[in-house]
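> Please find one structure pasted underneath; my questions will follow.
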Amino acid sequence: MMNKNISRLTAIAEKESRLIIGLMSGTSLDGLDVALCEIKGSGLGTKISVKAFITEPYNADFKNEVKEIFSKKNIDLQKLCLLNEWIGSIHATIANNCLEKWNIKNSSIDIIASHGQTIFHAPSSLHKQEKFGNGTLQIGDGDHIATATGILTISDFRQKNIAAGGEGAPLAIYGDYLLFSKKDEERILLNIGGIANFTYLPGSLNTGNIFSTDIGPGNTMMDALMQQNFTGEYFDKDARIARKGTVHENLLRELKSNDFFKLPFPKSTGPELFNLNYLQLAKEKVSAKELSIEDTMATLNKFTADTISTAIKNYFTDNTKLSIYCSGGGMHNPLLMEHLQQQLPDCSFDTTASLGIDPDAKEAVLFAILANECICGNPDIFNGGKMIATSMGKLSFPY
């Protein structure tokens with residue numbers, strides 16, 4: 001007799017369509033993105049409809065607890081152990097509350113796809129220890145989510161990518177390829193979260209040319225500076241602070257001098273490199289330790305814009321036909337977007353809303369896509385180029 005969890009899993013895989021909740025918690029720690037998706041088919045036949053979406057803000061207690069271990073080499077191991085379960089339970093509670101708010105029964109949901117909370121990202125290019133490979137750690141245990149919601153949960157997607165030879169980031173390439181490829185249009189899917197990354201989708205549809213890469217800092221350093229200097233403010237809303245300042249050119253040049261920017265694509269990074277200590281060391285090197293918060297923020301804003309635009313201009317020497325579709329918190333920063341459009345005048349700019357996906361929901365949606373592929377997809381479709389042909393995610397049964 002087959003285990004009832006396996007029977008349920010088989011039934012879900014064979015359904016014409018599946019209701020999947022994507023959960024995404026980014027390095028900005030602003031909140032948990034919850035996307036309710038109806039997904040039909042799999043692979044290149046995937047059709048998705050986002051039925052509901054919300055970002056549930058984290059309270060100060062959650063942020064403070066995570067910050068005690070986030071992106072730090074030396075931490076309290078007991079705290080890490082406890083937070084793994086605690087975050088899973090909190091994410092489960094948020095999912096349950098969302099379903100209640102949407103008047104949807106838990107039993108009607110097929111899968112929860114949980115990214116978890118990134119605590120540390122350690123590609124070999126960063127840790128430089130020859131005997132170790134790439135590493136990353138996301139916490140928020142999937143078993144706790146599955147048990148508390150009664151819903152099959154798929155989590156910890158990044159480990160399989162690393163095990164198969166990748167860096168574990170960015171994973172957007174898989175969902176971007178399935179959802180957004182279009183013949184005869186050269187597309188860049190630019191996500192400006194804590195870290196900026198993009199996926200290139202060639203108009204030829206040649207999978208050998210598709211790739212996804214981190215670029216450098218998105219909002220992470222700007223957000224950290226705001227939180228350090230303004231109580232209760234977690235980001236530079238409407239670029240209010242940056243617009244009051246003037247770019248410090250020597251500091252900007254020093255910020256852009258790191259060897260990471262010379263590495264070939266694809267590559268990955270995180271706040272482990274690009275943080276306030278990185279900023280402080282750069283200030284000391286150019287004798288700018290007393291630079292005002294306004295001038296510093298203006299410089300960081302330009303730093304993000306410059307590294308994004310330079311990456312695109314250097315790789316796509318003829319960028320006259322590039323269509324750039326934006327997502328992530330950085331797209332709401334008007335000064336950052338002005339810089340990008342000024343520096344990439346031959347590119348067209350839009351958001352993924354024009355492609356049918358709310359740009360704020362995009363990352364949560366992409367993990368729902370990965371969960372769908374884990375259950376009923378064929379990883380062979382990802383053969384070729386920079387995509388690793390593998391199914392990602394660990395299964396946690398609810399019973």
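Residue numbering restarts at 1 for every chain of the structure tokens, chains are lettered A, B, ... in their displayed order, and ligands are numbered from 1 as they appear.
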Applying 12 Å and only C-alpha atoms, which residues near Lys105 (chain A) remain after dropping the ones on its own chain fewer than 6 positions away? List them as a PyMOL selection string.

chain A and resi 19+95-99+149-151

> Name all residues at most 10 Å from region 272-287 of chain A (count only C-alpha atoms; drop same-chain ones fewer than 5 positions away) and give them as a ChimeraX atom specification.

/A:70-73,119-122,126-127,194-195,216-218,220-225,228,248-258,260,296,300

> Any chance you can output those residues with N, CA and C atoms as an mmCIF file, in the first residue's frame?


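Full text of out.cif as output:
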```
data_model
loop_
_atom_site.group_PDB
_atom_site.id
_atom_site.type_symbol
_atom_site.label_atom_id
_atom_site.label_comp_id
_atom_site.auth_asym_id
_atom_site.auth_seq_id
_atom_site.Cartn_x
_atom_site.Cartn_y
_atom_site.Cartn_z
ATOM 1 N N PHE A 70 22.587 37.538 10.497
ATOM 2 C CA PHE A 70 22.569 37.746 9.048
ATOM 3 C C PHE A 70 23.909 38.249 8.522
ATOM 4 N N SER A 71 24.473 37.520 7.558
ATOM 5 C CA SER A 71 25.652 37.947 6.824
ATOM 6 C C SER A 71 26.877 38.169 7.723
ATOM 7 N N LYS A 72 26.948 37.409 8.832
ATOM 8 C CA LYS A 72 28.068 37.532 9.758
ATOM 9 C C LYS A 72 28.834 36.220 9.825
ATOM 10 N N LYS A 73 30.161 36.308 9.847
ATOM 11 C CA LYS A 73 30.980 35.098 9.917
ATOM 12 C C LYS A 73 30.949 34.470 11.306
ATOM 13 N N ILE A 119 20.796 33.606 5.096
ATOM 14 C CA ILE A 119 21.601 34.034 6.244
ATOM 15 C C ILE A 119 23.033 34.343 5.807
ATOM 16 N N PHE A 120 23.555 33.517 4.894
ATOM 17 C CA PHE A 120 24.924 33.760 4.413
ATOM 18 C C PHE A 120 25.078 33.149 3.029
ATOM 19 N N HIS A 121 25.701 33.912 2.141
ATOM 20 C CA HIS A 121 26.005 33.408 0.800
ATOM 21 C C HIS A 121 27.515 33.449 0.620
ATOM 22 N N ALA A 122 28.095 32.287 0.279
ATOM 23 C CA ALA A 122 29.553 32.168 0.251
ATOM 24 C C ALA A 122 30.041 31.466 -1.012
ATOM 25 N N LEU A 126 34.255 34.526 -3.144
ATOM 26 C CA LEU A 126 34.264 35.376 -1.959
ATOM 27 C C LEU A 126 35.104 34.760 -0.845
ATOM 28 N N HIS A 127 34.913 33.459 -0.550
ATOM 29 C CA HIS A 127 35.620 32.891 0.594
ATOM 30 C C HIS A 127 37.065 32.475 0.250
ATOM 31 N N GLY A 194 18.100 43.462 -2.923
ATOM 32 C CA GLY A 194 19.272 43.812 -2.131
ATOM 33 C C GLY A 194 20.513 43.759 -2.995
ATOM 34 N N ILE A 195 20.580 42.724 -3.827
ATOM 35 C CA ILE A 195 21.613 42.583 -4.848
ATOM 36 C C ILE A 195 20.946 42.720 -6.212
ATOM 37 N N GLY A 216 26.026 43.191 -8.714
ATOM 38 C CA GLY A 216 26.645 43.892 -7.599
ATOM 39 C C GLY A 216 25.546 44.369 -6.665
ATOM 40 N N PRO A 217 25.801 45.408 -5.893
ATOM 41 C CA PRO A 217 24.787 45.866 -4.943
ATOM 42 C C PRO A 217 23.577 46.463 -5.653
ATOM 43 N N GLY A 218 22.407 46.142 -5.129
ATOM 44 C CA GLY A 218 21.184 46.808 -5.558
ATOM 45 C C GLY A 218 20.846 47.841 -4.499
ATOM 46 N N THR A 220 21.033 47.032 -1.076
ATOM 47 C CA THR A 220 21.480 46.588 0.243
ATOM 48 C C THR A 220 22.280 47.638 1.004
ATOM 49 N N MET A 221 23.205 48.331 0.345
ATOM 50 C CA MET A 221 24.027 49.308 1.055
ATOM 51 C C MET A 221 23.243 50.578 1.350
ATOM 52 N N MET A 222 22.400 50.992 0.408
ATOM 53 C CA MET A 222 21.557 52.169 0.643
ATOM 54 C C MET A 222 20.600 51.914 1.800
ATOM 55 N N ASP A 223 19.976 50.736 1.829
ATOM 56 C CA ASP A 223 19.041 50.407 2.904
ATOM 57 C C ASP A 223 19.751 50.369 4.253
ATOM 58 N N ALA A 224 20.927 49.749 4.278
ATOM 59 C CA ALA A 224 21.674 49.645 5.543
ATOM 60 C C ALA A 224 22.054 51.022 6.069
ATOM 61 N N LEU A 225 22.430 51.919 5.178
ATOM 62 C CA LEU A 225 22.806 53.270 5.597
ATOM 63 C C LEU A 225 21.599 54.026 6.156
ATOM 64 N N GLN A 228 20.811 52.706 9.586
ATOM 65 C CA GLN A 228 21.823 53.128 10.563
ATOM 66 C C GLN A 228 21.593 54.560 11.025
ATOM 67 N N HIS A 248 30.161 61.946 -4.706
ATOM 68 C CA HIS A 248 31.585 62.110 -4.409
ATOM 69 C C HIS A 248 32.341 61.205 -5.390
ATOM 70 N N GLU A 249 32.948 61.795 -6.394
ATOM 71 C CA GLU A 249 33.516 61.021 -7.500
ATOM 72 C C GLU A 249 34.656 60.101 -7.071
ATOM 73 N N ASN A 250 35.509 60.559 -6.160
ATOM 74 C CA ASN A 250 36.616 59.705 -5.711
ATOM 75 C C ASN A 250 36.093 58.493 -4.944
ATOM 76 N N LEU A 251 35.086 58.706 -4.111
ATOM 77 C CA LEU A 251 34.492 57.597 -3.376
ATOM 78 C C LEU A 251 33.812 56.635 -4.342
ATOM 79 N N LEU A 252 33.117 57.174 -5.311
ATOM 80 C CA LEU A 252 32.442 56.332 -6.304
ATOM 81 C C LEU A 252 33.457 55.452 -7.037
ATOM 82 N N ARG A 253 34.569 56.050 -7.412
ATOM 83 C CA ARG A 253 35.612 55.309 -8.121
ATOM 84 C C ARG A 253 36.171 54.182 -7.242
ATOM 85 N N GLU A 254 36.367 54.471 -5.965
ATOM 86 C CA GLU A 254 36.888 53.459 -5.047
ATOM 87 C C GLU A 254 35.880 52.332 -4.833
ATOM 88 N N LEU A 255 34.613 52.662 -4.713
ATOM 89 C CA LEU A 255 33.569 51.652 -4.532
ATOM 90 C C LEU A 255 33.529 50.682 -5.710
ATOM 91 N N LYS A 256 33.830 51.189 -6.892
ATOM 92 C CA LYS A 256 33.758 50.374 -8.114
ATOM 93 C C LYS A 256 35.052 49.616 -8.401
ATOM 94 N N SER A 257 36.040 49.710 -7.509
ATOM 95 C CA SER A 257 37.362 49.144 -7.804
ATOM 96 C C SER A 257 37.512 47.686 -7.387
ATOM 97 N N ASN A 258 36.513 47.113 -6.732
ATOM 98 C CA ASN A 258 36.637 45.747 -6.236
ATOM 99 C C ASN A 258 36.796 44.745 -7.379
ATOM 100 N N PHE A 260 35.559 41.947 -7.747
ATOM 101 C CA PHE A 260 34.321 41.249 -8.111
ATOM 102 C C PHE A 260 33.803 41.733 -9.455
ATOM 103 N N THR A 296 26.726 60.759 0.774
ATOM 104 C CA THR A 296 27.006 59.330 0.762
ATOM 105 C C THR A 296 25.890 58.561 0.058
ATOM 106 N N LEU A 300 26.104 56.243 -3.269
ATOM 107 C CA LEU A 300 25.693 54.841 -3.297
ATOM 108 C C LEU A 300 24.636 54.593 -4.375
#
```

> As a PyMOL selection string, list the residues of region 229-386 of chain A assigned to strand (DSSP E) by DSSP on the backbone atoms of this structure.

chain A and resi 322-327+348-351

> Each residue of region 24-95 of chain A with at least one atom at most 12 Å from region 4-14 of chain A should appear once, together with its nearest atom pair and the corresponding distance in Å (one decimal); atoms considered: only C-alpha atoms; ordering: chain, then increasing residue number; output as a tab-separated table.


```
residue	atom	partner	partner_atom	distance
A:Ile39	CA	A:Ala13	CA	11.3
A:Lys40	CA	A:Ala13	CA	10.6
A:Gly41	CA	A:Ala13	CA	9.6
A:Ser42	CA	A:Ala13	CA	10.0
```

> Report as a list in words all protein, DNA and RNA residues lying within 7 Å of region 208-210 of chain A, evaluated on only C-alpha atoms, omitting residues in the same chain fewer than 4 positions from it.

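Selected residues are Tyr200, Leu201, Pro202, Gly384, Gly385 and Lys386 of chain A.
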
> Using only C-alpha atoms, I'd like a table of the residues in region 99-182 of chain A that come within 12 Å of region 318-334 of chain A; for each, show the closest atom pair and its distance in Å rounded to one decimal, ordered by chain and ascending number, as JSON lines.


```
{"residue": "A:Ala172", "atom": "CA", "partner": "A:Ser327", "partner_atom": "CA", "distance": 11.5}
{"residue": "A:Asp176", "atom": "CA", "partner": "A:Tyr325", "partner_atom": "CA", "distance": 10.9}
{"residue": "A:Phe180", "atom": "CA", "partner": "A:Tyr325", "partner_atom": "CA", "distance": 9.9}
{"residue": "A:Ser181", "atom": "CA", "partner": "A:Ser323", "partner_atom": "CA", "distance": 11.7}
{"residue": "A:Lys182", "atom": "CA", "partner": "A:Ser323", "partner_atom": "CA", "distance": 11.0}
```

> As an exercise, work out the distance from CA of Gly165 (chain A) to CA of Gly393 (chain A) in Å and give it to one decimal place.

15.3 Å

> Run DSSP on the backbone and give me the residues of region 134-371 of chain A it puts in alpha helix (DSSP H), as a PyMOL selection string.

chain A and resi 142-149+158-163+172-180+220-229+249-255+276-285+293-315+334-343+362-371

> Put those residues in a file: C-alpha atoms, as an mmCIF file, in the first residue's frame.


```
data_model
loop_
_atom_site.group_PDB
_atom_site.id
_atom_site.type_symbol
_atom_site.label_atom_id
_atom_site.label_comp_id
_atom_site.auth_asym_id
_atom_site.auth_seq_id
_atom_site.Cartn_x
_atom_site.Cartn_y
_atom_site.Cartn_z
ATOM 1 C CA GLY A 142 10.140 23.491 5.487
ATOM 2 C CA ASP A 143 8.909 20.738 7.834
ATOM 3 C CA HIS A 144 7.583 23.367 10.233
ATOM 4 C CA ILE A 145 5.756 25.108 7.385
ATOM 5 C CA ALA A 146 4.256 21.864 6.113
ATOM 6 C CA THR A 147 3.152 20.713 9.568
ATOM 7 C CA ALA A 148 1.668 24.066 10.594
ATOM 8 C CA THR A 149 -0.219 24.595 7.330
ATOM 9 C CA ARG A 158 19.534 26.702 -3.783
ATOM 10 C CA GLN A 159 21.380 23.675 -2.384
ATOM 11 C CA LYS A 160 20.587 21.446 -5.376
ATOM 12 C CA ASN A 161 21.890 24.078 -7.769
ATOM 13 C CA ILE A 162 25.174 24.176 -5.839
ATOM 14 C CA ALA A 163 25.342 20.373 -5.642
ATOM 15 C CA ALA A 172 15.721 33.567 -11.646
ATOM 16 C CA ILE A 173 17.019 32.175 -14.938
ATOM 17 C CA TYR A 174 14.700 29.145 -14.786
ATOM 18 C CA GLY A 175 11.423 30.977 -14.314
ATOM 19 C CA ASP A 176 12.488 33.845 -16.560
ATOM 20 C CA TYR A 177 13.223 31.395 -19.369
ATOM 21 C CA LEU A 178 9.890 29.594 -19.008
ATOM 22 C CA LEU A 179 7.721 32.683 -18.621
ATOM 23 C CA PHE A 180 9.308 35.543 -20.510
ATOM 24 C CA THR A 220 21.480 46.588 0.243
ATOM 25 C CA MET A 221 24.027 49.308 1.055
ATOM 26 C CA MET A 222 21.557 52.169 0.643
ATOM 27 C CA ASP A 223 19.041 50.407 2.904
ATOM 28 C CA ALA A 224 21.674 49.645 5.543
ATOM 29 C CA LEU A 225 22.806 53.270 5.597
ATOM 30 C CA MET A 226 19.230 54.493 6.021
ATOM 31 C CA GLN A 227 18.598 52.070 8.873
ATOM 32 C CA GLN A 228 21.823 53.128 10.563
ATOM 33 C CA ASN A 229 20.963 56.820 10.443
ATOM 34 C CA GLU A 249 33.516 61.021 -7.500
ATOM 35 C CA ASN A 250 36.616 59.705 -5.711
ATOM 36 C CA LEU A 251 34.492 57.597 -3.376
ATOM 37 C CA LEU A 252 32.442 56.332 -6.304
ATOM 38 C CA ARG A 253 35.612 55.309 -8.121
ATOM 39 C CA GLU A 254 36.888 53.459 -5.047
ATOM 40 C CA LEU A 255 33.569 51.652 -4.532
ATOM 41 C CA LEU A 276 28.595 49.232 5.440
ATOM 42 C CA ASN A 277 32.088 47.995 6.266
ATOM 43 C CA TYR A 278 32.854 47.973 2.530
ATOM 44 C CA LEU A 279 31.602 51.573 2.412
ATOM 45 C CA GLN A 280 33.633 52.619 5.464
ATOM 46 C CA LEU A 281 36.871 51.165 4.094
ATOM 47 C CA ALA A 282 36.308 52.953 0.783
ATOM 48 C CA LYS A 283 35.678 56.252 2.617
ATOM 49 C CA GLU A 284 38.907 55.859 4.561
ATOM 50 C CA LYS A 285 40.923 55.231 1.412
ATOM 51 C CA ILE A 293 24.701 61.224 4.807
ATOM 52 C CA GLU A 294 23.150 62.986 1.809
ATOM 53 C CA ASP A 295 26.331 62.911 -0.270
ATOM 54 C CA THR A 296 27.006 59.330 0.762
ATOM 55 C CA MET A 297 23.521 58.238 -0.268
ATOM 56 C CA ALA A 298 23.805 60.065 -3.592
ATOM 57 C CA THR A 299 27.104 58.253 -4.201
ATOM 58 C CA LEU A 300 25.693 54.841 -3.297
ATOM 59 C CA ASN A 301 22.709 55.422 -5.580
ATOM 60 C CA LYS A 302 25.060 56.220 -8.453
ATOM 61 C CA PHE A 303 27.242 53.228 -7.506
ATOM 62 C CA THR A 304 24.329 50.848 -8.022
ATOM 63 C CA ALA A 305 23.315 52.531 -11.283
ATOM 64 C CA ASP A 306 26.854 52.599 -12.660
ATOM 65 C CA THR A 307 27.593 48.952 -11.955
ATOM 66 C CA ILE A 308 24.304 47.858 -13.550
ATOM 67 C CA SER A 309 24.678 50.012 -16.650
ATOM 68 C CA THR A 310 28.369 49.182 -17.078
ATOM 69 C CA ALA A 311 27.651 45.454 -16.866
ATOM 70 C CA ILE A 312 25.010 45.729 -19.578
ATOM 71 C CA LYS A 313 27.030 48.039 -21.828
ATOM 72 C CA ASN A 314 30.186 45.945 -21.573
ATOM 73 C CA TYR A 315 28.476 42.646 -22.313
ATOM 74 C CA PRO A 334 13.154 57.244 -9.039
ATOM 75 C CA LEU A 335 16.719 58.604 -8.949
ATOM 76 C CA LEU A 336 18.196 55.156 -9.554
ATOM 77 C CA MET A 337 15.899 54.599 -12.523
ATOM 78 C CA GLU A 338 16.733 58.068 -13.913
ATOM 79 C CA HIS A 339 20.447 57.210 -13.768
ATOM 80 C CA LEU A 340 19.858 53.911 -15.578
ATOM 81 C CA GLN A 341 17.776 55.426 -18.342
ATOM 82 C CA GLN A 342 20.344 58.206 -18.844
ATOM 83 C CA GLN A 343 23.204 55.719 -19.046
ATOM 84 C CA LYS A 362 8.040 38.228 -9.408
ATOM 85 C CA GLU A 363 10.524 36.492 -7.110
ATOM 86 C CA ALA A 364 7.816 34.694 -5.124
ATOM 87 C CA VAL A 365 6.232 33.637 -8.429
ATOM 88 C CA LEU A 366 9.558 32.286 -9.716
ATOM 89 C CA PHE A 367 9.903 29.985 -6.714
ATOM 90 C CA ALA A 368 6.362 28.749 -7.288
ATOM 91 C CA ILE A 369 7.534 27.894 -10.820
ATOM 92 C CA LEU A 370 10.546 25.995 -9.438
ATOM 93 C CA ALA A 371 8.257 24.008 -7.128
#
```

> Give the answer as one residue: which of A:Arg18, A:Lys79, A:Lys183, A:Lys289 has the shortest atom-to-atom distance to Glu38 (chain A), using only C-alpha atoms?

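Closest candidate: A:Arg18.
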
> Would you compute the distance between CA of Leu80 (chain A) and CA of Leu137 (chain A)? Give it in Å to one decimal.

10.8 Å

> Compare A:Thr46, A:Asn84, A:Ser292, A:Ser155 by their minimum atom-to-atom distance to Ser114 (chain A), counting only C-alpha atoms, and give me the closest one.

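Using only C-alpha atoms, Ser114 (chain A) sits closest to A:Ser155.
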
> State, in Å with one decimal place, the distance from CA of Ala92 (chain A) to CA of Leu29 (chain A).

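Between CA of Ala92 (chain A) and CA of Leu29 (chain A) the gap is 16.7 Å.
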
> Do you know which residues are at most 12 Å from region 66-68 of chain A counting only C-alpha atoms, after dropping those on the same chain fewer than 2 positions away, and could you put them as a ChimeraX atom specification?

/A:25-30,58-64,70-84,86-87,117-120,138-140,224,227,271

> Now that the selection is made, can you save its residues with N, CA and C atoms as a CSV table (one decimal), in the first residue's frame?


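part_20.csv written:
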```
chain,number,residue,atom,x,y,z
A,25,SER,N,11.5,35.7,0.9
A,25,SER,CA,12.0,36.7,1.9
A,25,SER,C,13.4,37.1,1.5
A,26,GLY,N,13.5,38.3,1.2
A,26,GLY,CA,14.8,38.8,0.6
A,26,GLY,C,15.8,39.3,1.7
A,27,THR,N,16.9,39.7,1.2
A,27,THR,CA,18.0,40.2,2.1
A,27,THR,C,17.6,41.6,2.7
A,28,SER,N,16.6,42.2,2.1
A,28,SER,CA,16.2,43.6,2.6
A,28,SER,C,15.5,43.4,3.9
A,29,LEU,N,14.9,42.2,4.2
A,29,LEU,CA,14.2,42.0,5.4
A,29,LEU,C,12.9,42.9,5.6
A,30,ASP,N,12.4,43.3,4.5
A,30,ASP,CA,11.2,44.2,4.6
A,30,ASP,C,10.0,43.4,4.9
A,58,TYR,N,7.6,42.5,8.0
A,58,TYR,CA,8.1,42.0,9.3
A,58,TYR,C,8.1,43.1,10.4
A,59,ASN,N,7.9,42.6,11.6
A,59,ASN,CA,8.0,43.6,12.7
A,59,ASN,C,9.4,43.8,13.1
A,60,ALA,N,9.6,44.7,14.0
A,60,ALA,CA,11.0,45.1,14.4
A,60,ALA,C,11.7,43.9,15.1
A,61,ASP,N,10.9,43.1,15.9
A,61,ASP,CA,11.5,42.0,16.6
A,61,ASP,C,12.1,41.0,15.6
A,62,PHE,N,11.3,40.7,14.6
A,62,PHE,CA,11.8,39.7,13.6
A,62,PHE,C,13.1,40.2,12.9
A,63,LYS,N,13.1,41.5,12.5
A,63,LYS,CA,14.3,42.0,11.9
A,63,LYS,C,15.5,42.0,12.8
A,64,ASN,N,15.3,42.4,14.0
A,64,ASN,CA,16.4,42.4,15.0
A,64,ASN,C,17.0,41.0,15.3
A,70,PHE,N,22.6,37.5,10.5
A,70,PHE,CA,22.6,37.7,9.0
A,70,PHE,C,23.9,38.2,8.5
A,71,SER,N,24.5,37.5,7.6
A,71,SER,CA,25.7,37.9,6.8
A,71,SER,C,26.9,38.2,7.7
A,72,LYS,N,26.9,37.4,8.8
A,72,LYS,CA,28.1,37.5,9.8
A,72,LYS,C,28.8,36.2,9.8
A,73,LYS,N,30.2,36.3,9.8
A,73,LYS,CA,31.0,35.1,9.9
A,73,LYS,C,30.9,34.5,11.3
A,74,ASN,N,30.9,35.3,12.3
A,74,ASN,CA,30.9,34.8,13.7
A,74,ASN,C,29.6,35.1,14.4
A,75,ILE,N,28.8,34.0,14.7
A,75,ILE,CA,27.5,34.1,15.3
A,75,ILE,C,27.3,33.2,16.4
A,76,ASP,N,26.2,33.3,17.1
A,76,ASP,CA,25.7,32.4,18.1
A,76,ASP,C,25.0,31.2,17.5
A,77,LEU,N,25.6,30.1,17.5
A,77,LEU,CA,25.1,28.9,16.9
A,77,LEU,C,23.7,28.5,17.5
A,78,GLN,N,23.6,28.7,18.8
A,78,GLN,CA,22.2,28.4,19.3
A,78,GLN,C,21.2,29.3,18.7
A,79,LYS,N,21.5,30.5,18.5
A,79,LYS,CA,20.5,31.5,17.9
A,79,LYS,C,20.2,31.0,16.4
A,80,LEU,N,21.2,30.6,15.7
A,80,LEU,CA,21.0,30.0,14.3
A,80,LEU,C,20.0,28.8,14.4
A,81,CYS,N,20.3,27.9,15.3
A,81,CYS,CA,19.5,26.7,15.5
A,81,CYS,C,18.0,27.1,15.8
A,82,LEU,N,17.8,28.0,16.7
A,82,LEU,CA,16.5,28.4,17.1
A,82,LEU,C,15.7,29.1,16.0
A,83,LEU,N,16.5,30.0,15.3
A,83,LEU,CA,15.8,30.8,14.3
A,83,LEU,C,15.4,30.0,13.1
A,84,ASN,N,16.1,28.9,12.8
A,84,ASN,CA,15.7,28.0,11.7
A,84,ASN,C,14.3,27.5,11.9
A,86,TRP,N,12.0,28.8,14.2
A,86,TRP,CA,11.2,30.0,14.5
A,86,TRP,C,10.7,30.7,13.2
A,87,ILE,N,11.6,30.9,12.3
A,87,ILE,CA,11.3,31.6,11.0
A,87,ILE,C,10.3,30.7,10.2
A,117,GLN,N,14.9,32.3,4.4
A,117,GLN,CA,15.6,33.5,4.7
A,117,GLN,C,17.1,33.3,4.5
A,118,THR,N,17.7,33.9,3.5
A,118,THR,CA,19.2,33.8,3.4
A,118,THR,C,19.9,34.4,4.6
A,119,ILE,N,20.8,33.6,5.1
A,119,ILE,CA,21.6,34.0,6.2
A,119,ILE,C,23.0,34.3,5.8
A,120,PHE,N,23.6,33.5,4.9
A,120,PHE,CA,24.9,33.8,4.4
A,120,PHE,C,25.1,33.1,3.0
A,138,GLN,N,20.1,29.1,3.6
A,138,GLN,CA,18.8,29.7,3.8
A,138,GLN,C,18.1,28.9,5.0
A,139,ILE,N,17.5,29.6,5.9
A,139,ILE,CA,16.8,29.0,7.0
A,139,ILE,C,15.3,29.3,7.0
A,140,GLY,N,14.6,28.6,7.9
A,140,GLY,CA,13.1,28.7,7.9
A,140,GLY,C,12.6,27.3,7.5
A,224,ALA,N,20.9,49.7,4.3
A,224,ALA,CA,21.7,49.6,5.5
A,224,ALA,C,22.1,51.0,6.1
A,227,GLN,N,19.0,52.7,7.6
A,227,GLN,CA,18.6,52.1,8.9
A,227,GLN,C,19.6,52.5,10.0
A,271,PRO,N,25.4,40.6,0.6
A,271,PRO,CA,25.8,41.6,1.6
A,271,PRO,C,27.0,41.2,2.4
```
